[in-house]
Structures are given as structure tokens and as C-alpha cells.
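Undergrad: Provided below: work_8.pdb, containing PDB, C-alpha atoms and all ligand atoms.
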```
ATOM      1  CA  MET A   1    -229.606 -72.511-197.728
ATOM      2  CA  SER A   2    -231.347 -75.761-198.603
ATOM      3  CA  ALA A   3    -231.876 -78.320-195.839
ATOM      4  CA  VAL A   4    -229.637 -81.394-195.709
ATOM      5  CA  ALA A   5    -231.612 -84.504-196.708
ATOM      6  CA  ALA A   6    -232.004 -87.451-194.343
ATOM      7  CA  LEU A   7    -230.697 -89.600-197.203
ATOM      8  CA  GLN A   8    -228.981 -88.636-200.424
ATOM      9  CA  VAL A   9    -227.990 -91.409-202.820
ATOM     10  CA  GLU A  10    -226.001 -90.510-205.936
ATOM     11  CA  ARG A  11    -225.337 -92.786-208.907
ATOM     12  CA  LEU A  12    -225.212 -95.948-206.829
ATOM     13  CA  VAL A  13    -223.911 -99.020-208.664
ATOM     14  CA  VAL A  14    -223.998-102.532-207.172
ATOM     15  CA  ARG A  15    -222.566-105.603-208.884
ATOM     16  CA  MET A  16    -222.980-109.149-207.653
ATOM     17  CA  GLY A  17    -221.718-112.358-209.221
ATOM     18  CA  GLY A  18    -220.523-110.476-212.301
ATOM     19  CA  GLN A  19    -223.959-108.930-212.807
ATOM     20  CA  GLN A  20    -224.842-105.287-212.422
ATOM     21  CA  ILE A  21    -227.877-105.264-210.113
ATOM     22  CA  LEU A  22    -228.147-101.500-209.532
ATOM     23  CA  SER A  23    -227.252 -98.983-212.243
ATOM     24  CA  GLU A  24    -226.648 -95.388-211.249
ATOM     25  CA  VAL A  25    -229.505 -95.147-208.769
ATOM     26  CA  SER A  26    -229.961 -91.646-207.351
ATOM     27  CA  LEU A  27    -232.610 -90.736-204.816
ATOM     28  CA  THR A  28    -233.359 -88.378-201.956
ATOM     29  CA  VAL A  29    -235.346 -88.751-198.766
ATOM     30  CA  PRO A  30    -235.944 -85.332-197.160
ATOM     31  CA  GLU A  31    -235.666 -85.024-193.390
ATOM     32  CA  GLY A  32    -238.966 -86.275-191.915
ATOM     33  CA  GLY A  33    -240.398 -87.272-195.316
ATOM     34  CA  VAL A  34    -241.837 -90.538-196.635
ATOM     35  CA  VAL A  35    -240.470 -91.736-199.969
ATOM     36  CA  THR A  36    -241.507 -94.937-201.698
ATOM     37  CA  VAL A  37    -239.622 -97.180-204.120
ATOM     38  CA  LEU A  38    -241.891 -99.204-206.393
ATOM     39  CA  GLY A  39    -241.218-101.822-209.030
ATOM     40  CA  ALA A  40    -241.817-105.424-210.044
ATOM     41  CA  ASN A  41    -240.111-108.407-208.433
ATOM     42  CA  GLY A  42    -236.398-108.660-209.099
ATOM     43  CA  VAL A  43    -235.763-105.044-210.158
ATOM     44  CA  GLY A  44    -233.328-104.438-207.286
ATOM     45  CA  LYS A  45    -235.365-102.862-204.478
ATOM     46  CA  THR A  46    -234.077-105.164-201.728
ATOM     47  CA  THR A  47    -230.537-104.884-203.079
ATOM     48  CA  LEU A  48    -230.879-101.108-202.747
ATOM     49  CA  MET A  49    -232.103-101.383-199.144
ATOM     50  CA  ARG A  50    -229.324-103.816-198.195
ATOM     51  CA  THR A  51    -226.698-101.600-199.753
ATOM     52  CA  LEU A  52    -227.981 -98.551-197.870
ATOM     53  CA  SER A  53    -227.802-100.442-194.579
ATOM     54  CA  GLY A  54    -224.277-101.726-195.244
ATOM     55  CA  ILE A  55    -225.086-105.403-195.842
ATOM     56  CA  TYR A  56    -223.998-105.166-199.496
ATOM     57  CA  ARG A  57    -221.155-103.034-200.760
ATOM     58  CA  ALA A  58    -221.579-100.470-203.530
ATOM     59  CA  SER A  59    -219.214-100.682-206.503
ATOM     60  CA  SER A  60    -219.473 -96.941-206.983
ATOM     61  CA  GLY A  61    -221.641 -93.970-206.122
ATOM     62  CA  SER A  62    -222.297 -92.277-202.818
ATOM     63  CA  ILE A  63    -224.675 -92.590-199.872
ATOM     64  CA  ALA A  64    -225.039 -89.710-197.421
ATOM     65  CA  LEU A  65    -227.031 -89.910-194.197
ATOM     66  CA  ALA A  66    -227.822 -86.409-192.956
ATOM     67  CA  GLY A  67    -224.907 -85.163-195.043
ATOM     68  CA  GLU A  68    -222.398 -87.731-193.804
ATOM     69  CA  ALA A  69    -220.958 -90.348-196.199
ATOM     70  CA  ILE A  70    -221.772 -93.881-195.002
ATOM     71  CA  ALA A  71    -221.045 -96.100-198.038
ATOM     72  CA  GLY A  72    -218.605 -98.877-197.149
ATOM     73  CA  GLN A  73    -219.164 -98.622-193.398
ATOM     74  CA  PRO A  74    -220.203-101.673-191.383
ATOM     75  CA  SER A  75    -223.922-102.112-190.616
ATOM     76  CA  HIS A  76    -223.631-101.533-186.864
ATOM     77  CA  ARG A  77    -221.953 -98.177-187.429
ATOM     78  CA  ILE A  78    -224.631 -97.159-189.950
ATOM     79  CA  VAL A  79    -227.323 -98.064-187.390
ATOM     80  CA  ALA A  80    -225.502 -95.981-184.769
ATOM     81  CA  LYS A  81    -225.523 -93.041-187.188
ATOM     82  CA  GLY A  82    -229.313 -93.210-187.466
ATOM     83  CA  LEU A  83    -230.346 -95.601-190.236
ATOM     84  CA  ALA A  84    -232.364 -98.699-189.283
ATOM     85  CA  GLN A  85    -233.949-101.333-191.498
ATOM     86  CA  ALA A  86    -236.962-103.585-191.093
ATOM     87  CA  PRO A  87    -235.880-106.176-193.661
ATOM     88  CA  GLU A  88    -237.945-107.998-196.253
ATOM     89  CA  GLY A  89    -239.479-111.208-194.929
ATOM     90  CA  ARG A  90    -239.498-109.781-191.353
ATOM     91  CA  GLN A  91    -236.543-111.892-190.132
ATOM     92  CA  VAL A  92    -237.191-111.752-186.418
ATOM     93  CA  PHE A  93    -235.099-114.098-184.277
ATOM     94  CA  SER A  94    -237.713-116.841-183.816
ATOM     95  CA  ASN A  95    -236.075-118.651-180.910
ATOM     96  CA  MET A  96    -235.552-115.485-178.917
ATOM     97  CA  THR A  97    -238.208-113.692-176.919
ATOM     98  CA  VAL A  98    -239.926-110.509-178.042
ATOM     99  CA  ARG A  99    -237.945-108.607-175.396
ATOM    100  CA  GLU A 100    -234.623-110.049-176.613
ATOM    101  CA  ASN A 101    -235.461-109.104-180.204
ATOM    102  CA  LEU A 102    -236.182-105.527-179.141
ATOM    103  CA  VAL A 103    -233.001-105.315-177.057
ATOM    104  CA  LEU A 104    -230.963-106.413-180.091
ATOM    105  CA  GLY A 105    -232.378-103.510-182.085
ATOM    106  CA  ALA A 106    -231.158-100.997-179.510
ATOM    107  CA  GLY A 107    -227.537-101.367-180.629
ATOM    108  CA  ALA A 108    -225.345 -99.111-178.537
ATOM    109  CA  LEU A 109    -228.230 -97.450-176.660
ATOM    110  CA  ALA A 110    -227.924 -98.050-172.925
ATOM    111  CA  GLY A 111    -229.104 -96.895-169.522
ATOM    112  CA  ARG A 112    -231.856 -94.284-169.267
ATOM    113  CA  GLU A 113    -231.921 -93.684-173.014
ATOM    114  CA  PHE A 114    -232.502 -97.396-173.590
ATOM    115  CA  GLU A 115    -235.294 -97.501-170.987
ATOM    116  CA  ARG A 116    -236.978 -94.449-172.471
ATOM    117  CA  THR A 117    -236.811 -95.865-176.000
ATOM    118  CA  PHE A 118    -238.059 -99.274-174.862
ATOM    119  CA  ASP A 119    -241.080 -97.552-173.253
ATOM    120  CA  ASP A 120    -241.692 -95.424-176.360
ATOM    121  CA  VAL A 121    -241.664 -98.464-178.633
ATOM    122  CA  LEU A 122    -243.980-100.456-176.355
ATOM    123  CA  LEU A 123    -246.389 -97.504-176.255
ATOM    124  CA  ARG A 124    -246.612 -97.795-180.022
ATOM    125  CA  PHE A 125    -247.059-101.586-179.867
ATOM    126  CA  PRO A 126    -249.141-102.417-176.764
ATOM    127  CA  LEU A 127    -249.576-105.926-178.104
ATOM    128  CA  LEU A 128    -245.826-106.553-177.941
ATOM    129  CA  ARG A 129    -245.803-105.484-174.303
ATOM    130  CA  GLU A 130    -248.196-108.329-173.500
ATOM    131  CA  ARG A 131    -245.935-110.756-175.322
ATOM    132  CA  LEU A 132    -242.483-109.666-174.118
ATOM    133  CA  ALA A 133    -241.601-113.065-172.656
ATOM    134  CA  GLN A 134    -243.001-115.039-175.593
ATOM    135  CA  GLN A 135    -240.808-116.523-178.335
ATOM    136  CA  ALA A 136    -240.908-114.324-181.439
ATOM    137  CA  GLY A 137    -241.547-117.390-183.614
ATOM    138  CA  SER A 138    -244.877-117.964-181.876
ATOM    139  CA  LEU A 139    -246.261-114.578-183.014
ATOM    140  CA  SER A 140    -248.607-114.205-185.988
ATOM    141  CA  GLY A 141    -247.213-112.774-189.242
ATOM    142  CA  GLY A 142    -248.639-109.338-188.476
ATOM    143  CA  GLU A 143    -247.225-109.378-184.946
ATOM    144  CA  GLN A 144    -243.809-110.410-186.291
ATOM    145  CA  GLN A 145    -243.926-107.468-188.694
ATOM    146  CA  MET A 146    -244.750-105.127-185.802
ATOM    147  CA  LEU A 147    -241.836-106.615-183.837
ATOM    148  CA  CYS A 148    -239.551-106.185-186.805
ATOM    149  CA  ILE A 149    -240.483-102.496-187.089
ATOM    150  CA  GLY A 150    -240.335-102.087-183.297
ATOM    151  CA  ARG A 151    -236.847-103.592-183.267
ATOM    152  CA  ALA A 152    -235.724-101.095-185.927
ATOM    153  CA  LEU A 153    -237.231 -98.209-183.921
ATOM    154  CA  MET A 154    -235.223 -99.275-180.846
ATOM    155  CA  SER A 155    -232.148 -97.554-182.322
ATOM    156  CA  ARG A 156    -234.057 -94.216-182.530
ATOM    157  CA  PRO A 157    -233.405 -93.897-186.265
ATOM    158  CA  ARG A 158    -233.444 -90.663-188.201
ATOM    159  CA  LEU A 159    -234.253 -92.770-191.279
ATOM    160  CA  LEU A 160    -236.229 -96.030-191.266
ATOM    161  CA  LEU A 161    -236.060 -98.437-194.214
ATOM    162  CA  LEU A 162    -239.131-100.638-194.619
ATOM    163  CA  ASP A 163    -238.858-103.461-197.173
ATOM    164  CA  GLU A 164    -242.295-104.861-198.102
ATOM    165  CA  PRO A 165    -243.816-104.463-194.630
ATOM    166  CA  SER A 166    -247.360-105.403-195.712
ATOM    167  CA  LEU A 167    -246.467-108.433-197.835
ATOM    168  CA  GLY A 168    -248.650-111.473-197.149
ATOM    169  CA  LEU A 169    -250.673-109.854-194.356
ATOM    170  CA  ALA A 170    -254.467-109.691-193.982
ATOM    171  CA  PRO A 171    -256.157-106.420-195.069
ATOM    172  CA  LYS A 172    -256.892-105.396-191.481
ATOM    173  CA  ILE A 173    -253.218-105.764-190.542
ATOM    174  CA  VAL A 174    -252.117-104.005-193.727
ATOM    175  CA  LYS A 175    -254.181-101.003-192.657
ATOM    176  CA  GLN A 176    -252.501-101.084-189.230
ATOM    177  CA  ILE A 177    -249.075-101.125-190.886
ATOM    178  CA  PHE A 178    -249.892 -98.075-193.024
ATOM    179  CA  ASP A 179    -251.382 -96.240-190.029
ATOM    180  CA  LEU A 180    -248.167 -97.049-188.187
ATOM    181  CA  ILE A 181    -246.048 -95.636-191.027
ATOM    182  CA  ALA A 182    -248.020 -92.377-190.865
ATOM    183  CA  SER A 183    -247.598 -92.192-187.103
ATOM    184  CA  ILE A 184    -243.838 -92.911-187.194
ATOM    185  CA  ARG A 185    -243.515 -90.138-189.732
ATOM    186  CA  ALA A 186    -245.525 -87.807-187.506
ATOM    187  CA  GLY A 187    -242.880 -88.449-184.834
ATOM    188  CA  GLY A 188    -240.250 -86.936-187.147
ATOM    189  CA  THR A 189    -238.582 -90.071-188.546
ATOM    190  CA  ALA A 190    -237.968 -90.131-192.291
ATOM    191  CA  ILE A 191    -239.031 -93.322-194.086
ATOM    192  CA  LEU A 192    -237.937 -95.082-197.253
ATOM    193  CA  LEU A 193    -240.669 -97.571-198.099
ATOM    194  CA  VAL A 194    -240.564-100.471-200.565
ATOM    195  CA  GLU A 195    -244.068-101.807-201.208
ATOM    196  CA  GLN A 196    -246.094-104.106-203.447
ATOM    197  CA  ASN A 197    -249.219-102.276-202.327
ATOM    198  CA  VAL A 198    -248.642 -99.386-204.705
ATOM    199  CA  ARG A 199    -251.949 -97.684-204.028
ATOM    200  CA  ALA A 200    -251.384 -97.518-200.265
ATOM    201  CA  ALA A 201    -247.709 -96.618-200.678
ATOM    202  CA  LEU A 202    -248.532 -93.656-202.923
ATOM    203  CA  LYS A 203    -251.116 -92.520-200.412
ATOM    204  CA  VAL A 204    -248.732 -92.438-197.433
ATOM    205  CA  ALA A 205    -245.663 -91.194-199.370
ATOM    206  CA  ASP A 206    -244.780 -87.662-200.489
ATOM    207  CA  TYR A 207    -242.601 -88.769-203.354
ATOM    208  CA  GLY A 208    -241.969 -91.985-205.281
ATOM    209  CA  TYR A 209    -239.449 -93.707-207.519
ATOM    210  CA  VAL A 210    -240.285 -96.530-209.922
ATOM    211  CA  MET A 211    -237.462 -98.985-210.606
ATOM    212  CA  GLU A 212    -237.044-101.143-213.695
ATOM    213  CA  GLY A 213    -234.079-103.432-214.266
ATOM    214  CA  GLY A 214    -231.875-101.872-211.591
ATOM    215  CA  ARG A 215    -232.531 -98.269-212.663
ATOM    216  CA  ILE A 216    -234.882 -95.485-211.693
ATOM    217  CA  ALA A 217    -237.327 -95.429-214.615
ATOM    218  CA  LEU A 218    -239.721 -92.802-213.307
ATOM    219  CA  GLU A 219    -239.976 -90.477-210.321
ATOM    220  CA  GLY A 220    -242.219 -87.727-209.044
ATOM    221  CA  PRO A 221    -244.477 -86.481-206.283
ATOM    222  CA  ALA A 222    -246.738 -89.309-205.102
ATOM    223  CA  ALA A 223    -249.909 -87.497-206.194
ATOM    224  CA  GLN A 224    -248.479 -87.144-209.696
ATOM    225  CA  LEU A 225    -247.393 -90.813-209.912
ATOM    226  CA  ARG A 226    -250.910 -91.889-208.886
ATOM    227  CA  GLU A 227    -252.251 -90.169-212.002
ATOM    228  CA  ASP A 228    -249.429 -91.260-214.321
ATOM    229  CA  PRO A 229    -250.760 -93.666-216.982
ATOM    230  CA  ARG A 230    -247.561 -95.760-216.817
ATOM    231  CA  VAL A 231    -248.057 -96.296-213.074
ATOM    232  CA  ARG A 232    -251.805 -96.863-213.418
ATOM    233  CA  ASP A 233    -251.405 -99.460-216.149
ATOM    234  CA  ALA A 234    -248.522-101.365-214.601
ATOM    235  CA  TYR A 235    -249.323-101.147-210.868
ATOM    236  CA  LEU A 236    -252.838 -99.884-210.253
ATOM    237  CA  GLY A 237    -254.846-102.140-212.516
ATOM    238  CA  GLY A 238    -255.345 -99.594-215.300
ATOM    239  CA  ALA A 239    -257.394 -96.395-215.533
ATOM    240  CA  GLY A 240    -260.705 -96.102-213.728
ATOM    241  CA  HIS A 241    -259.723 -98.351-210.818
TER     242      HIS A 241
HETATM  243  N1  LIG A 301    -226.941-112.046-203.159
HETATM  244  C1  LIG A 301    -227.206-111.982-204.474
HETATM  245  N2  LIG A 301    -226.309-112.475-205.387
HETATM  246  C2  LIG A 301    -226.567-112.416-206.711
HETATM  247  N3  LIG A 301    -227.680-111.884-207.228
HETATM  248  C3  LIG A 301    -228.599-111.401-206.389
HETATM  249  C4  LIG A 301    -228.417-111.403-204.965
HETATM  250  N4  LIG A 301    -229.494-110.839-204.381
HETATM  251  C5  LIG A 301    -230.321-110.477-205.389
HETATM  252  N5  LIG A 301    -229.789-110.817-206.600
HETATM  253  C6  LIG A 301    -230.408-110.564-207.902
HETATM  254  O1  LIG A 301    -230.586-109.173-207.981
HETATM  255  C7  LIG A 301    -231.784-108.842-208.656
HETATM  256  C8  LIG A 301    -232.591-107.916-207.784
HETATM  257  O2  LIG A 301    -233.095-108.636-206.659
HETATM  258  P1  LIG A 301    -233.806-107.887-205.449
HETATM  259  O3  LIG A 301    -232.970-106.732-205.065
HETATM  260  O4  LIG A 301    -234.113-108.895-204.420
HETATM  261  O5  LIG A 301    -235.130-107.363-206.168
HETATM  262  P2  LIG A 301    -236.538-106.900-205.563
HETATM  263  O6  LIG A 301    -236.364-106.635-204.112
HETATM  264  O7  LIG A 301    -236.872-105.667-206.356
HETATM  265  O8  LIG A 301    -237.501-108.009-205.836
HETATM  266  C9  LIG A 301    -232.463-110.164-208.991
HETATM  267  O9  LIG A 301    -232.180-110.471-210.329
HETATM  268  C10 LIG A 301    -231.794-111.145-208.055
HETATM  269  O10 LIG A 301    -231.775-112.408-208.633
HETATM  270 MG    MG A 302    -237.370-107.393-202.473
END
```
Is it possible to give me this structure as C-alpha cells?

TA:
Amino acid sequence: MSAVAALQVERLVVRMGGQQILSEVSLTVPEGGVVTVLGANGVGKTTLMRTLSGIYRASSGSIALAGEAIAGQPSHRIVAKGLAQAPEGRQVFSNMTVRENLVLGAGALAGREFERTFDDVLLRFPLLRERLAQQAGSLSGGEQQMLCIGRALMSRPRLLLLDEPSLGLAPKIVKQIFDLIASIRAGGTAILLVEQNVRAALKVADYGYVMEGGRIALEGPAAQLREDPRVRDAYLGGAGH
């Protein structure tokens, strides 16, 4: 018997404003695995993430979270079933405190389970603990990204979606983000990662998909994609780099 995947997407189609943005996208994230989705600006990566988390509606195709169909369900129910997203552009609530942002991520979690999760998340982000009473908008870009990921972890997800978590951050912070991804994975959470930093993404991921024009153009184990001339030329600055 083969294990049920954390996420199984089959032939997903999304249309918006009369345009087909995603065309028959199929992908799998195994339980506890890290899978990356790569591709140039505008190919549909964020649309894919938003459709998985219930913000956009699929025109056709299926989405299964741990074997259960979730397409068409409202976002809060999808979060409750174990899928959380740290969206592109971070999108923390700037006028709310760090604590309030984290509480919002907890969704339906309450009581002892909430307290335990809150402690777990703050253990991962000691810096956020020091800033709990501070407005989220006063944090640096890197700190806001940590808060955004911390907020997603507050729902104890089985699958975490990360949309461009390292975008626009200093190299030192980028390294912290990738270390964090590895450590979240070590805790048993599966991750679907969209990244501009293709080199780092293919290092942390087990498997990758390359999107072009709303379709999956190429896929394979991360180690294989790193050596693929099409990936090297388009995303890794050519051979020898
Ligand atoms: N809400 C929307 N309505 C109409 N078109 C959209 C919307 N969001 C994104 N698009 C279009 O969908 C395509 C894919 O965008 P996006 O998913 O943001 O790509 P990526 O994340 O890969 O840069 C782009 O052509 C973009 O203009
Ligand atoms: Mg995007």
C-alpha cells in the first residue's frame, strides 16, 4: 500500500477574467517532504498557492489534503484541515501586535493546545518573543517574514505553503529562512515552497516542478533538476556556476 500524500493536485485549471492562468497542473507533496515550485514571474505560482489555500476557486481539477478533497472549501476550513500559507509579500497585519498576529494564525485552536503551540512557535522564533507587544509594522522585513511563517505554524499545519519567503531579504536572513525551512521539515511538516532563489530551493527540496505559462514544464528530483541544462541555463546562471 502506498502512503497517502500530504497534498495531491490533479489537473488543476484556474481561469480569471476570461484568461486561463493555470492549465492542468498536477503535483504531489509527500507526507513530511519538501517540494519546490520554480518559474519566472507571472507563470502562475502565486495563483497556484492561493487556489490551494481556498482564496481562488479552481475551474476544474482536484486538490486532496491527506487524501481528503478540499477544492471549493472556504479558507478557514482548509486551515483547520491542516494547510497553512505564508503568503507572498508577507502580509502581516501591520497595525496589530506580534502577539495578535500569532493569535490570528491559530484559527480554531484554543485552550491548552493553543498555549502549547504558542510556546512551540516562540521557541522557534525567540526574537518574536521579545517583540510580542510591538506592532508588526515596526519589524524589519526579515522579522516580518519570520512572523508570517510563525503565524502559519500557529495552526499546526500538516502542509505549509511558503510563497517567496526569501524575496528582498539580506543574505544573512535568507540563510536563516532556509535553515528554518529545514528545521520545520525535521519537525514532520510537509512544505510546498515557491522561490526565486532556485539554488537554495533545490538544495532544501526533495523534488521540484518548473512552471511555464501556467503549466508544469519540467519536474524531477531536486538533485536531477540542479544538473538539468534547462534549469541551469534559465535559473542558475548557466553551466559552471
Ligand atoms: N486576481 C487576478 N485576476 C486576473 N489575473 C491575475 C490575478 N492574479 C494574477 N493574475 C495573472 O495571472 C498570471 C500569474 O500570476 P501569478 O500567479 O501572480 O504568477 P507568479 O506568482 O508566478 O509570479 C499573471 O499573468 C497575472 O497577471
Ligand atoms: Mg508570485

Undergrad: Kindly compute an axis-aligned box around the listed atoms of region 196-213 of chain A, allowing 4 Å on each side, and express its centre and edge lengths in Å to one decimal as AutoDock Vina command-line options.

TA:
```
--center_x -243.0 --center_y -95.9 --center_z -205.8 --size_x 25.9 --size_y 24.4 --size_z 24.8
```

Undergrad: Return as JSON, numbers by chain every polymer residue, whether protein, DNA or RNA, with at least one atom no more than 9 Å from an atom of ligand LIG 301 (chain A); count all atoms listed in the file.

TA: {"A": [15, 16, 17, 18, 19, 20, 21, 22, 38, 39, 40, 41, 42, 43, 44, 45, 46, 47, 48, 49, 50, 56, 88, 163, 164, 194, 211, 212, 213, 214]}

Undergrad: Near Leu52 (chain A), counting all atoms listed in the file, which residues have an atom at most 12 Å away, once you skip same-chain residues fewer than 3 positions from it, shown as a ChimeraX atom specification?

TA: /A:7-10,12-14,25-27,45-49,55-58,61-65,69-75,78-79,82-85,87,159-163,192

Undergrad: Dump C-alpha atoms for the selected residues as a PDB file, keeping the file's coordinate frame?

TA:
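This went into selection.pdb:
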```pdb
ATOM      1  CA  LEU A   7    -230.697 -89.600-197.203  1.00  0.00           C
ATOM      2  CA  GLN A   8    -228.981 -88.636-200.424  1.00  0.00           C
ATOM      3  CA  VAL A   9    -227.990 -91.409-202.820  1.00  0.00           C
ATOM      4  CA  GLU A  10    -226.001 -90.510-205.936  1.00  0.00           C
ATOM      5  CA  LEU A  12    -225.212 -95.948-206.829  1.00  0.00           C
ATOM      6  CA  VAL A  13    -223.911 -99.020-208.664  1.00  0.00           C
ATOM      7  CA  VAL A  14    -223.998-102.532-207.172  1.00  0.00           C
ATOM      8  CA  VAL A  25    -229.505 -95.147-208.769  1.00  0.00           C
ATOM      9  CA  SER A  26    -229.961 -91.646-207.351  1.00  0.00           C
ATOM     10  CA  LEU A  27    -232.610 -90.736-204.816  1.00  0.00           C
ATOM     11  CA  LYS A  45    -235.365-102.862-204.478  1.00  0.00           C
ATOM     12  CA  THR A  46    -234.077-105.164-201.728  1.00  0.00           C
ATOM     13  CA  THR A  47    -230.537-104.884-203.079  1.00  0.00           C
ATOM     14  CA  LEU A  48    -230.879-101.108-202.747  1.00  0.00           C
ATOM     15  CA  MET A  49    -232.103-101.383-199.144  1.00  0.00           C
ATOM     16  CA  ILE A  55    -225.086-105.403-195.842  1.00  0.00           C
ATOM     17  CA  TYR A  56    -223.998-105.166-199.496  1.00  0.00           C
ATOM     18  CA  ARG A  57    -221.155-103.034-200.760  1.00  0.00           C
ATOM     19  CA  ALA A  58    -221.579-100.470-203.530  1.00  0.00           C
ATOM     20  CA  GLY A  61    -221.641 -93.970-206.122  1.00  0.00           C
ATOM     21  CA  SER A  62    -222.297 -92.277-202.818  1.00  0.00           C
ATOM     22  CA  ILE A  63    -224.675 -92.590-199.872  1.00  0.00           C
ATOM     23  CA  ALA A  64    -225.039 -89.710-197.421  1.00  0.00           C
ATOM     24  CA  LEU A  65    -227.031 -89.910-194.197  1.00  0.00           C
ATOM     25  CA  ALA A  69    -220.958 -90.348-196.199  1.00  0.00           C
ATOM     26  CA  ILE A  70    -221.772 -93.881-195.002  1.00  0.00           C
ATOM     27  CA  ALA A  71    -221.045 -96.100-198.038  1.00  0.00           C
ATOM     28  CA  GLY A  72    -218.605 -98.877-197.149  1.00  0.00           C
ATOM     29  CA  GLN A  73    -219.164 -98.622-193.398  1.00  0.00           C
ATOM     30  CA  PRO A  74    -220.203-101.673-191.383  1.00  0.00           C
ATOM     31  CA  SER A  75    -223.922-102.112-190.616  1.00  0.00           C
ATOM     32  CA  ILE A  78    -224.631 -97.159-189.950  1.00  0.00           C
ATOM     33  CA  VAL A  79    -227.323 -98.064-187.390  1.00  0.00           C
ATOM     34  CA  GLY A  82    -229.313 -93.210-187.466  1.00  0.00           C
ATOM     35  CA  LEU A  83    -230.346 -95.601-190.236  1.00  0.00           C
ATOM     36  CA  ALA A  84    -232.364 -98.699-189.283  1.00  0.00           C
ATOM     37  CA  GLN A  85    -233.949-101.333-191.498  1.00  0.00           C
ATOM     38  CA  PRO A  87    -235.880-106.176-193.661  1.00  0.00           C
ATOM     39  CA  LEU A 159    -234.253 -92.770-191.279  1.00  0.00           C
ATOM     40  CA  LEU A 160    -236.229 -96.030-191.266  1.00  0.00           C
ATOM     41  CA  LEU A 161    -236.060 -98.437-194.214  1.00  0.00           C
ATOM     42  CA  LEU A 162    -239.131-100.638-194.619  1.00  0.00           C
ATOM     43  CA  ASP A 163    -238.858-103.461-197.173  1.00  0.00           C
ATOM     44  CA  LEU A 192    -237.937 -95.082-197.253  1.00  0.00           C
TER      45      LEU A 192
END
```

Undergrad: For the structure shown, which residues end up in the PyMOL selection byres (((chain A and resi 124-139) around 6) and not hetatm)? Put them as a PyMOL selection string, please?

TA: chain A and resi 94-99+121-123+140+143-144

Undergrad: Please, what distance in Å, to one decimal, runs between CA of Arg185 (chain A) and CA of Gly32 (chain A)?

TA: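 Distance between the two atoms: 6.4 Å.
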
Undergrad: When the PyMOL selection byres (((chain A and resi 170-173) around 12) and not hetatm) is applied to the file above, which residues end up in the set, as number ranges by chain?

TA: A: 140-146, 165-169, 174-180, 197, 200

Undergrad: Written as an MDAnalysis selection string, which residues does the PyMOL selection byres (((chain A and resi 235) around 9) and not hetatm) give for the file shown?

TA: chainID A and resid 38:40 196:199 230:234 236:238
